[in-house]
Amino acid sequence: MSILANKDTYVVIQGGVAGVNAARRMAEFCYLIKRSLNVLAFVYPPDAGKSHEIPYGSGLVAVPIYKTVAEATKNHPQINTSLVYIGADRAMKGGMEALDDTHIKVVSMITEGVPEKDAKILGRHATKLGKVFNGPSSIGIVSAGSCRLGVIGGAFDNLVLSKLYREGSFGVITKSGGLSNEIIWICSQFADGITTAIGIGGDAYPGTDYVSYLEMFENDPQTKAVVIVGEMGGDLEERAAEWYGAKKRRVKLMAVVSGFCQESLPKGMKFGHAGAKEGLKGEGSARAKSDALKNAGAIVPATFGALGPAIKEAYQEMLKSGLVKEPVEPASLPKLPKTVEEAMKADEVMVAPLIRTTISDDRGDEPCYDGYPASELINKGYEIPHVVGLLWDKRLISKQEAEIIKRIMMLSADHGPCVSGALGTIIAACAGIGMSQSVAAGLIMIGPRFGGAVTDAGRYFKYAVDNKMTVDEFLVYMKKNHGPVPGIGHRVKSLRNPDKRVKELVGYVKSLNTKTPCLDFALEVEKVTSVKKDNLILNVDGTMAAVLVDIGFPVDSLNGFFILSRTIGLIGHWVDQKRQDSRLIRLFDYLVNYAAPKRREVPPLK
Amino acid sequence: MAKVLEGPGMGLMKKWGITVPNYVVVTSVDELTKLGQANEWLKKSKLVVKAHEALGSRFKLGLVKVDLDFKGAEAAAKEMLGRQVGSITVTQVIVSEMIPHKEEYYCAVKSTREGTDILVANCGGIEVESNWERVKRLALEVGQQPSADALEKVAKEAGFTGPLVKKMADFAGKMFTCFDSEDAQYLEVNPVVLREQDGELIALDAVTLLDGDAKFRHPDWNFAFAAEFGRAYSKHEMEVMAVDSKIKGSVKFIEIPGGDTAMLPAGGGASVYYSDAVVARGGKLANYAEYSGDPPDWAVEVLTDKVCSLPGIKNIIVGGAIANFTDVKKTFGGIINGFRKAKSEGKLKGVKIWVRRGGPREKEGLDAMRALKDEGFDINVFDRNTPLTDIVDKALQNK
C-alpha cells in the first residue's frame with residue numbers, strides 16, 4: 001500500500017519541455033516496476049494535436065498533447081492526477097483547470113516562484129472540492145513499487161540503489177527536493193525503504209501540509225513510520241507535532257528540522273526556500289519546531305547525519321517486535337536499455353559505420369582538416385588553397401603550389417553575365433529564387449561545353465604524357481577513341497585574339513622553372529591544332545588541367561577548381577541582381593526562331 | 001518575501017486611499033532645495049528627516065531627525081547623505097511632514113496559512129510591543145473580504161469607541177485592500193495617528209513586505225526591493241542575484257563577515273543543514289550559498305568565484321544531497337573552473353576543500369573533483385556513502 005499515488009494512478013502533464021522531461025523519468029520508473037507508462041496525456045495548447053514520443057525500455061510511446069485538461073480526461077477517462085509544469089504567471093489558471101476537472105483527484109504543482117496568494121487560493125479550492133493540491137515547488141511524489149509522479153527519485157541507477165522497485169515501511173515528507181532523495185536513500189540503506197515519499201515544496205504555504213499527509217499515512221497499514229524533513233519558518237512542523245501529540249498514533253514519527261544556524265546569523269536572512277524564514281516575532285525557529293516535535297513524542301535526532309542511525313534503530317525494533325519482516329528482494333530487475341552511444345562508450349556494442357570519411361573531423365572544439373586544426377592552420381599562415389589541398393588531395397601543398405591555385409581561382413572566378421552559368425543564375429535571381437538554388441542553377445550548366453572540361457582535359461593530357469605519346473599519336477588516339485580534345489578550342493578566342501588568362505597562367509607557371517610535362521605537352525598540342533584552325537587554341541580549362549596535373553592533383557578533382565572559382569562569380573551575380581531588385585525577365589520574341597509548324601486545327605480525338 | 005522601503009511602501013498605501021503624510025525621497029540637498037520651492041508644505045510644516053535605507057535602529061544611529069524647519073531639514077539631509085554605516089552608504093533620505101497628534105494606534109495585515117489576519121490595537125509606537133495582548137485580530141479565510149461589521153467589531157474589541165470605531169474600521173479595511181491588491185505578505189503601520197486638526201487617521205510609518213514572485217502582475221512596482229537583514233546587499237551578492245534572475249534553476253549567495261568556513265552546497269534544503277552542521281561544530285560561517293534546479297555550469301562558476309573570494313576562509317564545504325535531476329558532472333564542472341580560476345589568481349592558499357554529493361552522473365563529477373588533487377588542490381572527496389554533513393565534522397576536526 002501507499003498513499004496518494006499507486007498502481008491506479010494515471011496522469012496528465014500540463015506544460016512543455018519540463019513536463020516532457022518528467023514524463024521520461026516517470027517512464028523509466030514504470031519500466032523498472034514493469035507497469036505501462038502512467039502518463040496518458042499532455043496539455044500544452046501550442047502543440048495540441050501533436051504527440052510526444054516518450055522512451056520506454058527500448059521503444060517509444062506516443063503520448064498525445066491536448067489543448068485543455070477536459071479534452072485530455074475525455075479521451076483518457078482513467079486520468080485521475082495532474083502534474084503542473086506551467087510557468088509561474090500562468091500556473092494558477094492551469095492548477096484551477098485541473099482541480100475543476102471531475103476526473104482529477106490529485107494535482108501536484110512543480111512550478112517554482114508561484115505567488116503566495118495564488119498558492120493559497122489553489123490550496124483552498126482543493127480543500128473545498130475534497131481534492132489534494134500538492135506544492136507548488138514540489139519535486140514530486142513517489143510510491144515505491146507502484147507510481148512515480150515527477151522527477152523525484154532521480155536517475156534510474158538511483159531508483160535501483162534506493163530500492164524504489166518495492167515497498168518498504170517508511171513514509172517520507174519533505175519540503176526540500178534534494179533531501180527527499182537523500183532520505184529515500186537513507187531509508188533504503190538503514191531500513192527496508194519507503195512506502196510513499198512526498199515533496200510538499202519549500203514555499204511558505206504549501207497546498208497540503210504535513211498533517212494531512214500524516215493522517216493519510218496513519219491510515220495506510222503498510223507505513224509504520226514517517227520521516228519529516230522540516231526547516232525553519234512557518235508553523236507546519238509545530239502543527240505536525242500537535243497532531244502527533246494529540247493522541248496515540250499508530251505510525252512512529254521521526255523528524256529533523258534545519259535552521260539552527262539562524263541563531264548565530266543576521267536576523268531575517270533569506271535562505272534557499274521561500275518559506276524558510278523566521279517569523280517577525282521569532283516564531284518558527286528551528287529550535288521551537290524541534291522542541292515541539294520532541295515534546296509530542298517524535299524522535300528528533302540532533303543532526304541530519306544522526307537520522308540514518310535513528311531510522312535503523314526504529315527499523316530494528318519493528319523487526320524484533322514482528323511489526324515488519326525482512327523484505328524479499330526480487331531475483332532480477334529490468335536494466336534500463338542503454339542508448340547506442342552509452343553502450344559504445346561502455347564497450348558493450350559494436351556498430352558498423354554507415355559512412356567512412358578520411359578528410360575531416362569536427363567532433364572536437366573545432367574542425368580538423370586531414371588532422372590539422374583549422375585555427376592552427378590560420379595561425380601558421382596557411383591559406384584557402386592549402387585547405388583545398390588538404391580536403392581534395394589530403395596533403396599540405398607548398399607555398400608555390402598554393403600560389404598557382406590562388407591564381408587559377410582568381411582568373412576563373414567570373415566571366416561576365418553572358419556565359420551559361422552566370423546567365424542561369426541571373427535568370428533564376430530575376431525570378432525571385434533564393435541564393436542557393438540560383439547559384440545551383442548556374443552550377444548545373446558546368447559540363448562538357450562550359451567549364452567542365454578540366455577533368456577530361458587533365459585526364460587525356462596525363463594519359464599522353466604517362467604513355468610518352470607524341471602529339472601526332474595523341475591526336476590520332478583522341479580522334480579514334482574520344483573525339484575532339486578537351487581543353488583545346490574556344491568559342492570566341494583565337495590565335496589572333498588570345499585568351500589573356502591562359503597567357504597569364506602559362507607565363508607564371510613557366511617562370512617558376514619547375515618541371516611541367518603536362519603543360520609542355522598541352523602547348524605542343526596547341527601548336528599543331530591551332531595551325532589547322534586558329535581558334536583551336538589551348539583554352540583556360542586545358543591550361544588549368546595541365547598545370548594542376550603537373551602539381552599532382554588527382555584527375556577527378558580537377559573540375560572542382562572551376563566549380564569552386566566560378567561559384568564566387570555566381571554568388572556575385574545573384575547578389576547583384578538582388579541588390580538591384582531586378583524584375584522577372586523573359587526572352588523577346590525576336591530572339592527566337594519560331595520553327596514550329598504554323599497554327600493548325602486539332603483533329604478529333606480517336 | 002521582498003521588503004520595500006518606506007517611500008514606495010507609503011506610495012502603495014496612498015494608492016489605496018490610506019492617508020499618509022506628505023513626503024519626498026531625495027538623493028541630494030539640491031533636490032530637496034528645489035522641491036522646497038515647488039511644494040508649499042515643505043516650508044510650512046515641521047519636518048522629519050530619515051535615512052531611506054534598509055537599516056535597523058536608525059534612531060540610535062542619528063539617522064532620524066524630527067521637529068525640523070526646512071533649513072533644519074536641509075542641514076539634516078546634508079549630514080546624513082553619504083554617511084557610511086557598516087557596508088551601507090546612505091544615498092537617500094525621506095523628508096516627511098510631521099503630524100501633530102496625541103493618540104497613537106496600531107494596524108497590520110499579515111498572511112497566514114488559513115488566509116489573512118487584520119491586527120488592530122488602540123495603542124501604538126513602542127507601547128504596542130510591550131502590550132501585545134492589546135492587539136486584536138480579525139481572521140479571514142482565503143478569498144474572504146472583511147465586512148464593515150466585522151471590522152467595526154474588531155475595532156471595538158481593541159477598545160476604540162465613538163466615531164473612532166468607524167474610522168479605525170475604515171482604515172483597516174483600506175489596509176486590507178492594499179494588502180490584497182498588491183500581493184503583500186505583511187503590512188504594518190505603527191503608529192497610526194489621529195491628526196489633531198481634522199481628526200483623520202494617518203499612517204505615519206510603513207513596513208511593507210511584498211511577494212516578489214508576484215512582480216509579473218504589478219507593472220507599477222518600479223522600486224527596488226531592499227535587503228531584509230539590516231544591511232544593503234554587497235557587490236558580490238548583487239552579482240550573484242543578477243545571475244540568479246537570468247537562469248533556469250537558482251544560485252544564492254550571502255556574505256557573513258568574520259567567518260572562516262565557506263559554504264558552496266547544493267540545494268535549498270541541504271544547504272541549511274550544512275550551515276547548521278557548521279554552527280553545531282563550533283565553526284564560523286563565512287557565507288550562505290546554494291545552487292539548485294540544474295543551473296548552468298557558468299552560473300555555478302560565478303558563485304564559486306564569489307565563494308573563493310571570501311576573505312580569511314580555511315575550509316570550503318562543497319556539500320549536497322543526492323540530486324534528483326541536477327547534473328553533478330556539469331555543475332561540478334562549473335565549480336572546478338571556478339576553483340582553477342581562483343587558484344590562478346593566488347586565492348585558496350591553505351584552504352581545504354570538502355566535497356560530498358550524489359545524483360545524475362555522480363561518479364564522473366566526483367572523479368573530476370578528485371582529479372583536482374593532482375593540480376595541487378587540498379581537496380577531499382566523498383560519495384553518497386558518507387552521510388550528508390560528515391564532511392563538516394571532518395573539516396572542523398582538522399582545525
# chains A, B, ... in the order shown; residues from 1 in each chain; ligands from 1
call {"tool": "residues_around", "arguments": {"residues": "B:Thr161", "least_positions_apart": "5", "cutoff": "10 Å", "atoms": "only C-alpha atoms", "output": "PyMOL selection string"}}
result
chain B and resi 122+152+155-156+166+168
call {"tool": "select_by_dssp", "arguments": {"residues": "stretch 30-112 of chain B", "states": "strand (DSSP E or B)", "output": "count of residues only"}}
result
30
call {"tool": "interface_residues", "arguments": {"of": "chain B", "to": "chain A", "cutoff": "7 Å", "atoms": "only C-alpha atoms", "output": "PyMOL selection string"}}
result
chain B and resi 113+142-143+183+211+213-214+216+228-229+267-270+272-273+275-276+279+290+321-325+359-360+387-390
call {"tool": "select_by_dssp", "arguments": {"residues": "stretch 298-363 of chain B", "states": "helix (DSSP H, G or I)", "output": "PyMOL selection string"}}
result
chain B and resi 298-308+328-344+362-363
call {"tool": "write_last_selection", "arguments": {"atoms": "N, CA, C and O atoms", "output": "compact mmCIF listing (two decimals), in the first residue's frame"}}
result
# COMPACT_ATOMS: atom_id res chain seq x y z
N TRP B 298 28.09 27.78 -15.96
CA TRP B 298 28.73 29.10 -15.82
C TRP B 298 28.19 29.85 -14.61
O TRP B 298 28.92 30.62 -13.97
N ALA B 299 26.91 29.62 -14.28
CA ALA B 299 26.33 30.29 -13.11
C ALA B 299 26.97 29.76 -11.84
O ALA B 299 27.28 30.52 -10.90
N VAL B 300 27.19 28.45 -11.79
CA VAL B 300 27.84 27.85 -10.62
C VAL B 300 29.28 28.35 -10.53
O VAL B 300 29.83 28.55 -9.44
N GLU B 301 29.88 28.59 -11.69
CA GLU B 301 31.26 29.10 -11.71
C GLU B 301 31.32 30.51 -11.10
O GLU B 301 32.21 30.82 -10.30
N VAL B 302 30.35 31.34 -11.45
CA VAL B 302 30.30 32.69 -10.86
C VAL B 302 30.17 32.58 -9.35
O VAL B 302 30.89 33.24 -8.58
N LEU B 303 29.25 31.70 -8.90
CA LEU B 303 29.05 31.52 -7.46
C LEU B 303 30.35 31.05 -6.80
O LEU B 303 30.75 31.56 -5.75
N THR B 304 31.03 30.11 -7.43
CA THR B 304 32.29 29.58 -6.89
C THR B 304 33.32 30.70 -6.76
O THR B 304 34.04 30.79 -5.76
N ASP B 305 33.36 31.53 -7.78
CA ASP B 305 34.30 32.64 -7.77
C ASP B 305 34.07 33.54 -6.55
O ASP B 305 35.02 33.94 -5.87
N LYS B 306 32.81 33.82 -6.24
CA LYS B 306 32.49 34.67 -5.10
C LYS B 306 32.87 33.97 -3.79
O LYS B 306 33.38 34.59 -2.87
N VAL B 307 32.59 32.67 -3.73
CA VAL B 307 32.90 31.92 -2.50
C VAL B 307 34.42 31.90 -2.27
O VAL B 307 34.90 32.13 -1.16
N CYS B 308 35.17 31.69 -3.33
CA CYS B 308 36.63 31.64 -3.21
C CYS B 308 37.21 33.01 -2.85
O CYS B 308 38.32 33.10 -2.35
N VAL B 328 25.40 16.34 -11.80
CA VAL B 328 26.54 16.54 -10.90
C VAL B 328 27.81 16.86 -11.70
O VAL B 328 28.57 17.76 -11.36
N LYS B 329 28.02 16.13 -12.78
CA LYS B 329 29.22 16.34 -13.58
C LYS B 329 29.26 17.79 -14.09
O LYS B 329 30.26 18.47 -14.00
N LYS B 330 28.13 18.25 -14.61
CA LYS B 330 28.08 19.56 -15.23
C LYS B 330 28.25 20.68 -14.19
O LYS B 330 29.06 21.59 -14.37
N THR B 331 27.49 20.59 -13.09
CA THR B 331 27.59 21.65 -12.08
C THR B 331 28.97 21.63 -11.43
O THR B 331 29.53 22.68 -11.14
N PHE B 332 29.51 20.43 -11.19
CA PHE B 332 30.88 20.35 -10.65
C PHE B 332 31.87 20.95 -11.65
O PHE B 332 32.89 21.51 -11.25
N GLY B 333 31.58 20.81 -12.94
CA GLY B 333 32.44 21.43 -13.95
C GLY B 333 32.55 22.92 -13.71
O GLY B 333 33.65 23.49 -13.78
N GLY B 334 31.43 23.56 -13.39
CA GLY B 334 31.43 24.99 -13.09
C GLY B 334 32.26 25.29 -11.85
O GLY B 334 33.04 26.25 -11.80
N ILE B 335 32.09 24.46 -10.82
CA ILE B 335 32.85 24.66 -9.58
C ILE B 335 34.35 24.49 -9.84
O ILE B 335 35.17 25.29 -9.39
N ILE B 336 34.69 23.46 -10.60
CA ILE B 336 36.11 23.19 -10.89
C ILE B 336 36.73 24.36 -11.64
O ILE B 336 37.83 24.83 -11.30
N ASN B 337 36.00 24.87 -12.64
CA ASN B 337 36.52 26.05 -13.36
C ASN B 337 36.74 27.21 -12.40
O ASN B 337 37.74 27.93 -12.49
N GLY B 338 35.78 27.40 -11.49
CA GLY B 338 35.89 28.48 -10.52
C GLY B 338 37.11 28.29 -9.62
O GLY B 338 37.85 29.24 -9.34
N PHE B 339 37.32 27.06 -9.17
CA PHE B 339 38.48 26.76 -8.31
C PHE B 339 39.79 27.06 -9.06
O PHE B 339 40.72 27.65 -8.51
N ARG B 340 39.83 26.62 -10.31
CA ARG B 340 41.07 26.81 -11.09
C ARG B 340 41.36 28.30 -11.26
O ARG B 340 42.49 28.75 -11.10
N LYS B 341 40.30 29.05 -11.56
CA LYS B 341 40.47 30.49 -11.76
C LYS B 341 40.98 31.12 -10.46
O LYS B 341 41.93 31.89 -10.47
N ALA B 342 40.33 30.73 -9.35
CA ALA B 342 40.71 31.29 -8.05
C ALA B 342 42.18 30.99 -7.76
O ALA B 342 42.94 31.85 -7.30
N LYS B 343 42.57 29.75 -8.04
CA LYS B 343 43.95 29.35 -7.75
C LYS B 343 44.93 30.16 -8.60
O LYS B 343 45.96 30.62 -8.11
N SER B 344 44.57 30.35 -9.87
CA SER B 344 45.46 31.10 -10.75
C SER B 344 45.58 32.55 -10.30
O SER B 344 46.53 33.25 -10.63
N GLU B 362 27.03 11.18 -10.91
CA GLU B 362 27.81 11.46 -9.69
C GLU B 362 29.23 10.93 -9.82
O GLU B 362 30.18 11.59 -9.37
N LYS B 363 29.40 9.77 -10.43
CA LYS B 363 30.73 9.19 -10.48
C LYS B 363 31.67 10.08 -11.30
O LYS B 363 32.77 10.42 -10.85
call {"tool": "residues_around", "arguments": {"residues": "stretch 483-495 of chain A", "least_positions_apart": "2", "cutoff": "9 Å", "atoms": "only C-alpha atoms", "output": "count of residues only"}}
result
35
call {"tool": "atom_distance", "arguments": {"atom1": "atom CA of A:His573", "atom2": "atom CA of A:Met409"}}
result
16.7 Å
call {"tool": "atom_distance", "arguments": {"atom1": "atom CA of B:Ser28", "atom2": "atom CA of B:Leu81"}}
result
7.2 Å
call {"tool": "residues_around", "arguments": {"residues": "stretch 579-588 of chain A", "least_positions_apart": "4", "cutoff": "8 Å", "atoms": "only C-alpha atoms", "output": "MDAnalysis selection string"}}
result
chainID A and resid 427 429:432 575 592
call {"tool": "residues_around", "arguments": {"residues": "A:Ala402", "least_positions_apart": "6", "cutoff": "10 Å", "atoms": "only C-alpha atoms", "output": "list in words"}}
result
Tyr382, Glu383, Ile384, Pro385, His386, Val387, Val388, Gly389, Leu396, Ile408 and Ile551 of chain A
call {"tool": "residues_around", "arguments": {"residues": "B:Thr33", "least_positions_apart": "6", "cutoff": "10 Å", "atoms": "only C-alpha atoms", "output": "ChimeraX atom specification"}}
result
/B:26,42,70-71,73-74
call {"tool": "write_last_selection", "arguments": {"atoms": "all heavy atoms", "output": "compact mmCIF listing (two decimals), in the first residue's frame"}}
result
# COMPACT_ATOMS: atom_id res chain seq x y z
N VAL B 26 14.73 62.05 -1.49
CA VAL B 26 15.73 62.77 -2.30
C VAL B 26 17.11 62.13 -2.17
O VAL B 26 17.40 61.44 -1.19
CB VAL B 26 15.84 64.26 -1.88
CG1 VAL B 26 14.52 64.97 -2.12
CG2 VAL B 26 16.28 64.40 -0.43
N LEU B 42 6.53 71.83 2.45
CA LEU B 42 7.90 71.68 2.97
C LEU B 42 8.33 72.92 3.75
O LEU B 42 9.12 72.84 4.69
CB LEU B 42 8.87 71.43 1.80
CG LEU B 42 8.97 69.98 1.31
CD1 LEU B 42 9.66 69.90 -0.02
CD2 LEU B 42 9.69 69.09 2.34
N PHE B 70 12.48 73.87 7.41
CA PHE B 70 13.07 73.46 6.14
C PHE B 70 14.59 73.56 6.16
O PHE B 70 15.30 72.67 5.70
CB PHE B 70 12.47 74.28 5.00
CG PHE B 70 12.88 73.76 3.65
CD1 PHE B 70 12.50 72.49 3.22
CD2 PHE B 70 13.69 74.52 2.81
CE1 PHE B 70 12.90 72.00 1.99
CE2 PHE B 70 14.10 74.02 1.58
CZ PHE B 70 13.70 72.77 1.17
N LYS B 71 15.09 74.67 6.73
CA LYS B 71 16.55 74.85 6.83
C LYS B 71 17.17 73.68 7.59
O LYS B 71 18.18 73.12 7.19
CB LYS B 71 16.86 76.17 7.56
CG LYS B 71 16.80 77.40 6.66
CD LYS B 71 18.21 77.73 6.15
CE LYS B 71 18.19 78.77 5.03
NZ LYS B 71 17.56 78.34 3.80
N ALA B 73 15.94 70.78 7.94
CA ALA B 73 15.82 69.54 7.16
C ALA B 73 16.95 69.46 6.14
O ALA B 73 17.55 68.40 5.94
CB ALA B 73 14.47 69.49 6.45
N GLU B 74 17.25 70.61 5.51
CA GLU B 74 18.35 70.63 4.55
C GLU B 74 19.66 70.24 5.24
O GLU B 74 20.45 69.46 4.71
CB GLU B 74 18.48 72.01 3.91
CG GLU B 74 17.41 72.28 2.86
CD GLU B 74 17.48 73.71 2.32
OE1 GLU B 74 17.68 74.65 3.13
OE2 GLU B 74 17.34 73.88 1.10
call {"tool": "residues_around", "arguments": {"residues": "B:Lys153", "least_positions_apart": "4", "cutoff": "9 Å", "atoms": "only C-alpha atoms", "output": "PyMOL selection string"}}
result
chain B and resi 138+148-149+157-158+165+169
call {"tool": "write_last_selection", "arguments": {"atoms": "N, CA, C and O atoms", "output": "short mmCIF file (atom, residue, chain, number, x, y, z; two decimals), in the first residue's frame"}}
result
data_model
loop_
_atom_site.label_atom_id
_atom_site.label_comp_id
_atom_site.auth_asym_id
_atom_site.auth_seq_id
_atom_site.Cartn_x
_atom_site.Cartn_y
_atom_site.Cartn_z
N LEU B 138 -8.64 40.07 13.52
CA LEU B 138 -9.75 39.61 12.69
C LEU B 138 -9.19 38.63 11.67
O LEU B 138 -8.38 39.02 10.82
N ALA B 148 -17.80 45.34 6.79
CA ALA B 148 -17.72 46.55 7.61
C ALA B 148 -18.03 46.21 9.07
O ALA B 148 -17.37 46.70 10.00
N ASP B 149 -19.00 45.32 9.24
CA ASP B 149 -19.39 44.94 10.61
C ASP B 149 -18.24 44.26 11.34
O ASP B 149 -17.96 44.56 12.50
N GLU B 157 -13.41 45.70 19.91
CA GLU B 157 -12.70 44.78 20.80
C GLU B 157 -11.36 45.37 21.24
O GLU B 157 -10.89 45.15 22.35
N ALA B 158 -10.74 46.11 20.29
CA ALA B 158 -9.44 46.69 20.60
C ALA B 158 -9.58 47.92 21.50
O ALA B 158 -8.59 48.54 21.87
N VAL B 165 -14.40 54.18 16.13
CA VAL B 165 -14.64 52.78 15.73
C VAL B 165 -14.73 52.71 14.22
O VAL B 165 -14.04 51.92 13.57
N ALA B 169 -12.05 51.16 11.59
CA ALA B 169 -12.53 50.08 10.73
C ALA B 169 -12.25 50.40 9.26
O ALA B 169 -11.78 49.56 8.49
#
call {"tool": "closest_residue", "arguments": {"among": "B:Asp67, B:Ala51, B:Ile317, B:Glu114", "to": "A:Thr127", "atoms": "only C-alpha atoms"}}
result
B:Glu114
